[in-house]
Structure formats: structure tokens, C-alpha cells
Amino acid sequence: MSEKWINEERLVRALEPVHAGLVPGLCLFEAIDSTNAEALRRLKSMQSSRLPPPMAFIARTQTAGRGRRGREWMSEPDAGLYMSLLRSFDLVPDALQGLSLVVGLAVYEALKTLVGIGEEREGISLKWPNDILYQGCKLGGILLELQRDEALSHVVIGIGLNLDLPPDVDSLLDRPTADLKQITGERVEPVKLVTALLNQLGRDIAVFEEEGFAPFIERWNRVDAYLGKNVRLQQDSKWTEGISRGVDSSGGLLLEPLNDDGVTSHATGEGGLLRFEGGELSPTLRLNEDRE
Ligand code: BTN
């Protein structure tokens, strides 16, 4: 394998003890269709009903990378990090609602440690529910896929992070993008990124498993790209406009609704706030933007 790619021994040495159980389940691929698809295939082939140990699937390139809402995730060799973590929980799917936000926070924290930038508007931030942004441009995304059996919830946590995108990428994608090379001025070594991510995910998922999303609310609201801003949420063909008021104790998005004149309306929901569990968020341009 080339220098640019991951040295498995180095990766295993750098993992914290909490990941001892993950080491036998570490699977590196030069190329695969999708690390999420591979994780789901492995899950299907496991017959045991007891809590299976976690596994991680990391590829240098994906030929059919999956994004949210059925989109393709561009996965050129060495242009990004493509990783899926398979974790099983003795919890019902409802109790896992905030998990994708916790994963976003873990990615944020790992990047902050690695590239030393964040917690200010100019740096890295999170867009509810699953986007990692750099200066408002998409730096990475998270795709969770859940399978339930009689006793357990199995979650495939797919993470895609842009490392060094091809120069013509903006003409191929429908949104502005950023990569880590642009932030640091050099290529971030995948092995360093993977260990930082796995170690942070290990710690945060353990807290989430015990205590749910509540301990993460403040952390999330601190790095939320749109807190206090005018936003628009699209759910299929329905649009809701409002001021983002952050997330609640199960990771739902809270919006203060606006009427057609852009004036806050307290007519709906508890405390005048509307709560959402999914959808596509975008900023809106209004004169009354940035009200705290
Ligand atoms: C998004 O659309 O924002 C989510 C993108 C998630 C991409 C990652 S790359 C690793 C894993 N394997 C996939 O096929 N998708 C996820």
C-alpha cells in the first residue's frame, strides 16, 4: 500500500484502550463499492444474537459512495476519508435519535484537535443534522443506516471527509465544498485522522449510550453554524422558515417560526418553538437576520 494510505500497525498502536474490541474488526480496503454497504453486508452475515463487537471499514476509494437522500458521495482515490463504523446498541431506535449529532460533534472535536481550528464562525462548524462545514462550505457528511433485530439496534455510522479534492470539484457538485488541505495547507495523513476520529467517537458514543443526547446539547449549540440565524427547512415539498434556536434533549431542531413578513410568530408549539426531526436546512437572506 502506498505511503499516502493507512499503515494498519500504526493505526492499531494509536488507538486508545477503549478500542481494544474494535481492533480485530478493522477492515481496510484499497477499493470498495461503499463502506456503509460493506458494513451492512457483514451485519447480515453475522448470525449471533448477542451484542456483536464494533467493526470499522475504511476505503481508499469507493465506486458507489452513498450520500444522504439517495445522493452519490464522490469518492475519488485519496481525495477523502471514507469510513464506516458498525456499532450495536441494546437500545430501541427512538433512544438513538441524537446519535448522528453526537457523531458530528466527535468529528468536529477530532478535527479541532488535529487542525487546531474551530469554535468561531470563521472555522469549522456543524449544520444540523449531519454536515461538517468549513467557512460555510461542505467539508464532510455523515450517513447513519439502522437495522433492528428482536433485541438490538445495529447502526452503520458512515463518515465522509474531504481531504484533498480534485481542482474541478465545484463544477461536478451542486454545492460549495472545502477540504482539509485547504485548511492546513498540507495533506492530513489519513492514519492520524482515523485515529483521532475513532478515539473521539469511542469516548462520545460511550457517554451517549449511558446518558443519551442531553449532555451534548450545549456542545452542539456552541458549534451550530446557524444558531440564532434565519433558516429554511425543507421536508419533501414543505418549507418552514424561522430562526434557529438550536437542538433539544433528543437532538431535534427547534425553530422559532416567522410569518410572511419575517416577524416572529408565537402561535405554534410549546414556547412558540417548532420541533423537527429531519429535513434539509439552508440559510435565508432576510433583513432581520442574526437576531439573538
Ligand atoms: C452526506 O450526504 O452528507 C453523507 C455522506 C456520507 C459519506 C460516507 S463515505 C463513507 C460512508 N460510505 C458511504 O457509502 N457513505 C458514507
# chains A, B, ... in the order shown; residues from 1 in each chain; ligands from 1
>>> closest_atom_pairs(of="stretch 27-68 of chain A", to="stretch 121-142 of chain A", cutoff="12 Å", atoms="only C-alpha atoms", output="JSON lines")
{"residue": "A:Asn36", "atom": "CA", "partner": "A:Ile142", "partner_atom": "CA", "distance": 10.7}
{"residue": "A:Gly65", "atom": "CA", "partner": "A:Gly141", "partner_atom": "CA", "distance": 11.7}
{"residue": "A:Arg66", "atom": "CA", "partner": "A:Ile142", "partner_atom": "CA", "distance": 10.0}
{"residue": "A:Gly67", "atom": "CA", "partner": "A:Gly141", "partner_atom": "CA", "distance": 7.8}
{"residue": "A:Arg68", "atom": "CA", "partner": "A:Ile142", "partner_atom": "CA", "distance": 7.9}
>>> write_last_selection(atoms="C-alpha atoms", output="compact mmCIF listing (two decimals), in the first residue's frame")
# COMPACT_ATOMS: atom_id res chain seq x y z
CA ASN A 36 -21.63 1.54 4.53
CA GLY A 65 -20.29 6.01 -2.26
CA ARG A 66 -23.66 6.77 -0.69
CA GLY A 67 -24.75 10.21 0.48
CA ARG A 68 -27.91 11.34 2.24
>>> residues_around(residues="stretch 205-208 of chain A", least_positions_apart="2", cutoff="9 Å", atoms="only C-alpha atoms", output="number ranges by chain")
A: 96, 98-99, 102-103, 106, 200-203, 210-216
>>> closest_atom_pairs(of="chain A", to="ligand 1", cutoff="10 Å", atoms="only C-alpha atoms and all ligand atoms", output="CSV")
residue,atom,partner,partner_atom_place_in_ligand_line,distance
A:Ile32,CA,ligand 1,14 (O),9.3
A:Asp33,CA,ligand 1,14 (O),7.4
A:Ser34,CA,ligand 1,14 (O),4.0
A:Thr35,CA,ligand 1,12 (N),4.3
A:Asn36,CA,ligand 1,12 (N),4.3
A:Ala37,CA,ligand 1,14 (O),6.5
A:Glu38,CA,ligand 1,12 (N),8.6
A:Ala39,CA,ligand 1,12 (N),9.0
A:Phe57,CA,ligand 1,10 (C),8.5
A:Ile58,CA,ligand 1,10 (C),7.7
A:Ala59,CA,ligand 1,10 (C),8.0
A:Thr61,CA,ligand 1,9 (S),9.2
A:Gln62,CA,ligand 1,14 (O),7.2
A:Thr63,CA,ligand 1,14 (O),8.8
A:Ala64,CA,ligand 1,14 (O),6.5
A:Gly65,CA,ligand 1,14 (O),3.6
A:Arg66,CA,ligand 1,14 (O),3.6
A:Gly67,CA,ligand 1,2 (O),3.3
A:Arg68,CA,ligand 1,2 (O),3.7
A:Arg69,CA,ligand 1,2 (O),7.1
A:Gly70,CA,ligand 1,2 (O),8.1
A:Arg71,CA,ligand 1,2 (O),6.5
A:Glu72,CA,ligand 1,2 (O),7.5
A:Trp73,CA,ligand 1,7 (C),5.6
A:Met74,CA,ligand 1,7 (C),8.3
A:Ser75,CA,ligand 1,9 (S),7.3
A:Gly80,CA,ligand 1,9 (S),8.2
A:Leu81,CA,ligand 1,9 (S),7.0
A:Tyr82,CA,ligand 1,10 (C),3.9
A:Met83,CA,ligand 1,10 (C),4.4
A:Ser84,CA,ligand 1,11 (C),5.3
A:Leu85,CA,ligand 1,11 (C),8.9
A:Pro129,CA,ligand 1,3 (O),9.6
A:Asn130,CA,ligand 1,3 (O),6.6
A:Asp131,CA,ligand 1,3 (O),5.9
A:Ile132,CA,ligand 1,3 (O),8.4
A:Lys138,CA,ligand 1,3 (O),8.4
A:Leu139,CA,ligand 1,3 (O),9.2
A:Gly140,CA,ligand 1,3 (O),6.4
A:Gly141,CA,ligand 1,3 (O),3.4
A:Ile142,CA,ligand 1,4 (C),4.2
A:Leu143,CA,ligand 1,4 (C),4.5
A:Leu144,CA,ligand 1,16 (C),8.1
A:Glu145,CA,ligand 1,16 (C),9.6
A:Val156,CA,ligand 1,11 (C),8.7
A:Ile157,CA,ligand 1,11 (C),7.4
A:Gly158,CA,ligand 1,11 (C),3.8
A:Ile159,CA,ligand 1,8 (C),4.3
A:Gly160,CA,ligand 1,9 (S),3.7
A:Leu161,CA,ligand 1,9 (S),7.3
A:Asn162,CA,ligand 1,9 (S),9.6
>>> select_by_dssp(residues="stretch 130-163 of chain A", states="strand (DSSP E)", output="compact mmCIF listing (two decimals) with N, CA and C atoms, in the first residue's frame")
# COMPACT_ATOMS: atom_id res chain seq x y z
N ASP A 131 -24.02 17.78 8.72
CA ASP A 131 -22.96 18.28 7.84
C ASP A 131 -21.84 18.93 8.63
N ILE A 132 -20.62 18.73 8.14
CA ILE A 132 -19.47 19.40 8.72
C ILE A 132 -19.08 20.49 7.71
N LEU A 133 -19.00 21.73 8.19
CA LEU A 133 -18.73 22.85 7.29
C LEU A 133 -17.41 23.51 7.64
N TYR A 134 -16.79 24.08 6.61
CA TYR A 134 -15.67 24.99 6.85
C TYR A 134 -16.00 26.29 6.12
N CYS A 137 -18.79 26.07 3.74
CA CYS A 137 -18.71 25.10 2.63
C CYS A 137 -18.63 23.68 3.20
N LYS A 138 -19.14 22.73 2.43
CA LYS A 138 -19.22 21.36 2.96
C LYS A 138 -17.86 20.67 3.01
N LEU A 139 -17.45 20.31 4.23
CA LEU A 139 -16.16 19.65 4.44
C LEU A 139 -16.36 18.14 4.63
N GLY A 140 -17.56 17.78 5.07
CA GLY A 140 -17.83 16.35 5.28
C GLY A 140 -19.28 16.10 5.58
N GLY A 141 -19.63 14.81 5.54
CA GLY A 141 -21.02 14.44 5.81
C GLY A 141 -21.09 13.11 6.53
N ILE A 142 -22.23 12.86 7.14
CA ILE A 142 -22.43 11.65 7.94
C ILE A 142 -23.71 10.98 7.48
N LEU A 143 -23.63 9.66 7.30
CA LEU A 143 -24.83 8.91 6.89
C LEU A 143 -25.00 7.72 7.82
N LEU A 144 -26.06 7.76 8.62
CA LEU A 144 -26.35 6.65 9.54
C LEU A 144 -27.38 5.72 8.91
N GLU A 145 -27.13 4.42 8.97
CA GLU A 145 -28.12 3.45 8.49
C GLU A 145 -28.39 2.47 9.62
N LEU A 146 -29.68 2.26 9.93
CA LEU A 146 -30.04 1.47 11.11
C LEU A 146 -30.75 0.19 10.73
N GLN A 147 -30.37 -0.90 11.40
CA GLN A 147 -31.07 -2.18 11.23
C GLN A 147 -31.47 -2.67 12.61
N ARG A 148 -32.69 -3.14 12.72
CA ARG A 148 -33.17 -3.58 14.03
C ARG A 148 -33.41 -5.08 13.98
N SER A 153 -30.35 -2.77 18.26
CA SER A 153 -30.32 -1.81 17.15
C SER A 153 -28.88 -1.77 16.63
N HIS A 154 -28.70 -2.07 15.36
CA HIS A 154 -27.35 -2.06 14.76
C HIS A 154 -27.26 -0.80 13.89
N VAL A 155 -26.21 -0.01 14.13
CA VAL A 155 -26.10 1.25 13.39
C VAL A 155 -24.80 1.27 12.59
N VAL A 156 -24.92 1.59 11.30
CA VAL A 156 -23.73 1.83 10.48
C VAL A 156 -23.53 3.34 10.44
N ILE A 157 -22.40 3.77 10.96
CA ILE A 157 -22.10 5.21 11.03
C ILE A 157 -21.11 5.53 9.92
N GLY A 158 -21.58 6.09 8.83
CA GLY A 158 -20.71 6.39 7.69
C GLY A 158 -20.23 7.83 7.76
N ILE A 159 -18.92 8.00 7.62
CA ILE A 159 -18.34 9.36 7.68
C ILE A 159 -17.52 9.60 6.42
N GLY A 160 -17.81 10.68 5.74
CA GLY A 160 -17.01 11.07 4.57
C GLY A 160 -16.42 12.44 4.83
N LEU A 161 -15.09 12.55 4.73
CA LEU A 161 -14.44 13.85 4.97
C LEU A 161 -13.54 14.18 3.80
N ASN A 162 -13.63 15.40 3.31
CA ASN A 162 -12.82 15.79 2.16
C ASN A 162 -11.38 16.08 2.60
>>> closest_residue(among="A:Ile217, A:Leu165, A:Val231, A:Met46", to="A:Pro77", atoms="only C-alpha atoms")
A:Leu165
>>> closest_residue(among="A:Glu256, A:Asp164, A:Asp236, A:Asp78", to="A:Thr177", atoms="only C-alpha atoms")
A:Asp164
>>> select_by_dssp(residues="stretch 156-212 of chain A", states="alpha helix (DSSP H)", output="short mmCIF file (atom, residue, chain, number, x, y, z; two decimals) with N, CA and C atoms, in the first residue's frame")
data_model
loop_
_atom_site.label_atom_id
_atom_site.label_comp_id
_atom_site.auth_asym_id
_atom_site.auth_seq_id
_atom_site.Cartn_x
_atom_site.Cartn_y
_atom_site.Cartn_z
N VAL A 169 -13.69 20.14 -8.73
CA VAL A 169 -14.79 19.53 -8.00
C VAL A 169 -16.05 20.39 -7.95
N ASP A 170 -15.90 21.71 -7.85
CA ASP A 170 -17.09 22.56 -7.72
C ASP A 170 -17.99 22.49 -8.94
N SER A 171 -17.39 22.19 -10.11
CA SER A 171 -18.23 22.08 -11.31
C SER A 171 -18.95 20.73 -11.33
N LEU A 172 -18.47 19.76 -10.55
CA LEU A 172 -19.10 18.43 -10.53
C LEU A 172 -20.18 18.33 -9.45
N LEU A 180 -9.60 19.45 3.73
CA LEU A 180 -8.68 19.69 4.85
C LEU A 180 -7.36 20.30 4.38
N LYS A 181 -6.97 19.97 3.16
CA LYS A 181 -5.70 20.51 2.65
C LYS A 181 -5.78 22.04 2.54
N GLN A 182 -6.97 22.51 2.16
CA GLN A 182 -7.16 23.96 2.05
C GLN A 182 -7.05 24.63 3.44
N ILE A 183 -7.44 23.92 4.48
CA ILE A 183 -7.40 24.49 5.83
C ILE A 183 -5.98 24.47 6.39
N THR A 184 -5.28 23.34 6.20
CA THR A 184 -3.98 23.18 6.86
C THR A 184 -2.82 23.57 5.94
N PRO A 190 -4.06 10.30 6.52
CA PRO A 190 -5.28 9.57 6.87
C PRO A 190 -5.18 8.82 8.19
N VAL A 191 -3.99 8.24 8.49
CA VAL A 191 -3.88 7.45 9.72
C VAL A 191 -4.10 8.34 10.96
N LYS A 192 -3.61 9.58 10.90
CA LYS A 192 -3.79 10.50 12.03
C LYS A 192 -5.26 10.87 12.17
N LEU A 193 -5.90 11.10 11.03
CA LEU A 193 -7.31 11.48 11.05
C LEU A 193 -8.16 10.33 11.59
N VAL A 194 -7.89 9.12 11.10
CA VAL A 194 -8.69 7.96 11.52
C VAL A 194 -8.53 7.71 13.02
N THR A 195 -7.30 7.80 13.54
CA THR A 195 -7.14 7.54 14.98
C THR A 195 -7.82 8.63 15.79
N ALA A 196 -7.67 9.87 15.38
CA ALA A 196 -8.33 10.97 16.12
C ALA A 196 -9.85 10.75 16.11
N LEU A 197 -10.38 10.35 14.96
CA LEU A 197 -11.83 10.14 14.85
C LEU A 197 -12.30 8.96 15.70
N LEU A 198 -11.61 7.83 15.55
CA LEU A 198 -12.06 6.64 16.29
C LEU A 198 -11.96 6.85 17.79
N ASN A 199 -10.88 7.50 18.24
CA ASN A 199 -10.74 7.71 19.68
C ASN A 199 -11.84 8.62 20.22
N GLN A 200 -12.11 9.72 19.50
CA GLN A 200 -13.15 10.64 19.94
C GLN A 200 -14.54 9.99 19.86
N LEU A 201 -14.79 9.25 18.78
CA LEU A 201 -16.08 8.56 18.66
C LEU A 201 -16.27 7.56 19.80
N GLY A 202 -15.20 6.84 20.15
CA GLY A 202 -15.27 5.85 21.23
C GLY A 202 -15.73 6.51 22.52
N ARG A 203 -15.12 7.67 22.83
CA ARG A 203 -15.46 8.36 24.10
C ARG A 203 -16.89 8.89 24.04
N ASP A 204 -17.23 9.58 22.97
CA ASP A 204 -18.55 10.24 22.91
C ASP A 204 -19.69 9.23 22.81
N ILE A 205 -19.50 8.16 22.06
CA ILE A 205 -20.58 7.17 21.92
C ILE A 205 -20.82 6.48 23.27
N ALA A 206 -19.74 6.26 24.04
CA ALA A 206 -19.91 5.63 25.35
C ALA A 206 -20.77 6.51 26.26
N VAL A 207 -20.54 7.83 26.24
CA VAL A 207 -21.36 8.75 27.05
C VAL A 207 -22.80 8.73 26.54
N PHE A 208 -22.97 8.78 25.23
CA PHE A 208 -24.33 8.79 24.65
C PHE A 208 -25.10 7.52 25.03
N GLU A 209 -24.42 6.39 24.99
CA GLU A 209 -25.06 5.11 25.29
C GLU A 209 -25.61 5.11 26.73
N GLU A 210 -24.87 5.74 27.64
CA GLU A 210 -25.28 5.78 29.06
C GLU A 210 -26.29 6.87 29.34
N GLU A 211 -26.09 8.07 28.75
CA GLU A 211 -26.84 9.25 29.19
C GLU A 211 -27.69 9.90 28.12
#
>>> atom_distance(atom1="atom CA of A:Val92", atom2="atom CA of A:Glu150")
10.0 Å
>>> residues_around(residues="A:Ser237", least_positions_apart="4", cutoff="12 Å", atoms="only C-alpha atoms", output="PyMOL selection string")
chain A and resi 233+279-280
>>> closest_residue(among="A:Ala151, A:Asn7, A:Ala178, A:Asn230", to="A:Leu163", atoms="only C-alpha atoms")
A:Ala178
>>> atom_distance(atom1="atom CA of A:Glu30", atom2="atom CA of A:Pro176")
27.5 Å
>>> closest_residue(among="A:Leu28, A:Leu11, A:Leu258, A:Leu86", to="A:Glu189", atoms="only C-alpha atoms")
A:Leu11
>>> closest_residue(among="A:Leu51, A:Arg42, A:Arg187, A:Cys27", to="A:Leu114", atoms="only C-alpha atoms")
A:Arg187
>>> decode(residues="stretch 48-89 of chain A", atoms="N, CA and C atoms", output="mmCIF file, in the first residue's frame")
data_model
loop_
_atom_site.group_PDB
_atom_site.id
_atom_site.type_symbol
_atom_site.label_atom_id
_atom_site.label_comp_id
_atom_site.auth_asym_id
_atom_site.auth_seq_id
_atom_site.Cartn_x
_atom_site.Cartn_y
_atom_site.Cartn_z
ATOM 1 N N SER A 48 -25.064 -14.355 15.169
ATOM 2 C CA SER A 48 -25.217 -14.331 16.623
ATOM 3 C C SER A 48 -26.213 -13.265 17.087
ATOM 4 N N SER A 49 -26.929 -13.542 18.165
ATOM 5 C CA SER A 49 -27.883 -12.564 18.655
ATOM 6 C C SER A 49 -27.315 -11.729 19.809
ATOM 7 N N ARG A 50 -26.124 -12.144 20.340
ATOM 8 C CA ARG A 50 -25.539 -11.330 21.419
ATOM 9 C C ARG A 50 -24.943 -10.053 20.808
ATOM 10 N N LEU A 51 -24.605 -9.102 21.681
ATOM 11 C CA LEU A 51 -24.093 -7.809 21.202
ATOM 12 C C LEU A 51 -22.794 -8.017 20.416
ATOM 13 N N PRO A 52 -22.799 -7.824 19.102
ATOM 14 C CA PRO A 52 -21.554 -8.068 18.358
ATOM 15 C C PRO A 52 -20.530 -6.965 18.627
ATOM 16 N N PRO A 53 -19.229 -7.286 18.551
ATOM 17 C CA PRO A 53 -18.225 -6.247 18.775
ATOM 18 C C PRO A 53 -18.259 -5.229 17.643
ATOM 19 N N PRO A 54 -17.787 -3.997 17.909
ATOM 20 C CA PRO A 54 -17.800 -2.984 16.847
ATOM 21 C C PRO A 54 -16.829 -3.354 15.724
ATOM 22 N N MET A 55 -17.095 -2.840 14.541
ATOM 23 C CA MET A 55 -16.180 -3.036 13.404
ATOM 24 C C MET A 55 -16.020 -1.697 12.697
ATOM 25 N N ALA A 56 -14.863 -1.511 12.018
ATOM 26 C CA ALA A 56 -14.671 -0.290 11.233
ATOM 27 C C ALA A 56 -14.216 -0.663 9.830
ATOM 28 N N PHE A 57 -14.767 -0.001 8.835
ATOM 29 C CA PHE A 57 -14.466 -0.262 7.425
ATOM 30 C C PHE A 57 -13.948 1.048 6.829
ATOM 31 N N ILE A 58 -12.737 0.980 6.275
ATOM 32 C CA ILE A 58 -12.137 2.209 5.747
ATOM 33 C C ILE A 58 -11.633 1.920 4.337
ATOM 34 N N ALA A 59 -11.966 2.788 3.390
ATOM 35 C CA ALA A 59 -11.557 2.538 2.000
ATOM 36 C C ALA A 59 -10.788 3.727 1.443
ATOM 37 N N ARG A 60 -9.883 3.389 0.524
ATOM 38 C CA ARG A 60 -9.119 4.445 -0.141
ATOM 39 C C ARG A 60 -9.951 5.100 -1.241
ATOM 40 N N THR A 61 -10.845 4.301 -1.827
ATOM 41 C CA THR A 61 -11.783 4.852 -2.813
ATOM 42 C C THR A 61 -13.072 4.039 -2.751
ATOM 43 N N GLN A 62 -14.193 4.682 -3.099
ATOM 44 C CA GLN A 62 -15.472 3.969 -3.173
ATOM 45 C C GLN A 62 -16.009 4.127 -4.593
ATOM 46 N N THR A 63 -16.540 3.039 -5.146
ATOM 47 C CA THR A 63 -17.067 3.127 -6.515
ATOM 48 C C THR A 63 -18.559 3.476 -6.519
ATOM 49 N N ALA A 64 -19.216 3.329 -5.374
ATOM 50 C CA ALA A 64 -20.636 3.692 -5.282
ATOM 51 C C ALA A 64 -20.913 4.285 -3.902
ATOM 52 N N GLY A 65 -20.149 5.348 -3.568
ATOM 53 C CA GLY A 65 -20.294 6.007 -2.264
ATOM 54 C C GLY A 65 -21.706 6.555 -2.105
ATOM 55 N N ARG A 66 -22.274 6.350 -0.902
ATOM 56 C CA ARG A 66 -23.656 6.769 -0.686
ATOM 57 C C ARG A 66 -23.716 8.034 0.157
ATOM 58 N N GLY A 67 -24.516 9.001 -0.308
ATOM 59 C CA GLY A 67 -24.749 10.209 0.476
ATOM 60 C C GLY A 67 -26.172 10.202 1.009
ATOM 61 N N ARG A 68 -26.538 11.252 1.718
ATOM 62 C CA ARG A 68 -27.911 11.343 2.244
ATOM 63 C C ARG A 68 -28.878 11.545 1.093
ATOM 64 N N ARG A 69 -30.138 11.219 1.346
ATOM 65 C CA ARG A 69 -31.234 11.417 0.393
ATOM 66 C C ARG A 69 -30.957 10.780 -0.965
ATOM 67 N N GLY A 70 -30.319 9.615 -0.948
ATOM 68 C CA GLY A 70 -30.084 8.856 -2.170
ATOM 69 C C GLY A 70 -29.037 9.469 -3.095
ATOM 70 N N ARG A 71 -28.334 10.506 -2.611
ATOM 71 C CA ARG A 71 -27.313 11.117 -3.472
ATOM 72 C C ARG A 71 -26.063 10.249 -3.519
ATOM 73 N N GLU A 72 -25.254 10.494 -4.555
ATOM 74 C CA GLU A 72 -23.967 9.796 -4.643
ATOM 75 C C GLU A 72 -22.950 10.586 -3.821
ATOM 76 N N TRP A 73 -22.007 9.893 -3.195
ATOM 77 C CA TRP A 73 -20.919 10.588 -2.485
ATOM 78 C C TRP A 73 -19.647 10.388 -3.285
ATOM 79 N N MET A 74 -19.152 11.448 -3.891
ATOM 80 C CA MET A 74 -17.967 11.348 -4.736
ATOM 81 C C MET A 74 -16.775 10.835 -3.919
ATOM 82 N N SER A 75 -16.139 9.799 -4.391
ATOM 83 C CA SER A 75 -15.117 9.134 -3.558
ATOM 84 C C SER A 75 -13.884 8.769 -4.366
ATOM 85 N N GLU A 76 -13.252 9.783 -4.956
ATOM 86 C CA GLU A 76 -12.013 9.560 -5.722
ATOM 87 C C GLU A 76 -10.912 9.032 -4.794
ATOM 88 N N PRO A 77 -9.956 8.220 -5.357
ATOM 89 C CA PRO A 77 -8.882 7.702 -4.504
ATOM 90 C C PRO A 77 -8.118 8.846 -3.818
ATOM 91 N N ASP A 78 -7.908 8.717 -2.513
ATOM 92 C CA ASP A 78 -7.133 9.660 -1.699
ATOM 93 C C ASP A 78 -7.720 11.079 -1.612
ATOM 94 N N ALA A 79 -8.864 11.312 -2.214
ATOM 95 C CA ALA A 79 -9.453 12.657 -2.163
ATOM 96 C C ALA A 79 -10.198 12.882 -0.859
ATOM 97 N N GLY A 80 -10.554 11.773 -0.208
ATOM 98 C CA GLY A 80 -11.317 11.909 1.037
ATOM 99 C C GLY A 80 -11.066 10.740 1.952
ATOM 100 N N LEU A 81 -11.632 10.847 3.146
ATOM 101 C CA LEU A 81 -11.632 9.704 4.050
ATOM 102 C C LEU A 81 -13.020 9.084 3.967
ATOM 103 N N TYR A 82 -13.075 7.767 3.754
ATOM 104 C CA TYR A 82 -14.347 7.064 3.626
ATOM 105 C C TYR A 82 -14.354 5.969 4.682
ATOM 106 N N MET A 83 -15.158 6.157 5.714
ATOM 107 C CA MET A 83 -15.094 5.236 6.846
ATOM 108 C C MET A 83 -16.490 4.937 7.389
ATOM 109 N N SER A 84 -16.716 3.693 7.754
ATOM 110 C CA SER A 84 -17.975 3.327 8.412
ATOM 111 C C SER A 84 -17.666 2.541 9.667
ATOM 112 N N LEU A 85 -18.363 2.892 10.725
ATOM 113 C CA LEU A 85 -18.222 2.187 11.997
ATOM 114 C C LEU A 85 -19.528 1.434 12.227
ATOM 115 N N LEU A 86 -19.407 0.141 12.522
ATOM 116 C CA LEU A 86 -20.611 -0.659 12.815
ATOM 117 C C LEU A 86 -20.689 -0.844 14.325
ATOM 118 N N ARG A 87 -21.767 -0.341 14.916
ATOM 119 C CA ARG A 87 -21.936 -0.396 16.380
ATOM 120 C C ARG A 87 -23.326 -0.929 16.692
ATOM 121 N N SER A 88 -23.424 -1.818 17.660
ATOM 122 C CA SER A 88 -24.730 -2.347 18.050
ATOM 123 C C SER A 88 -25.081 -1.838 19.434
ATOM 124 N N PHE A 89 -26.355 -1.542 19.627
ATOM 125 C CA PHE A 89 -26.802 -0.956 20.892
ATOM 126 C C PHE A 89 -27.973 -1.757 21.443
#
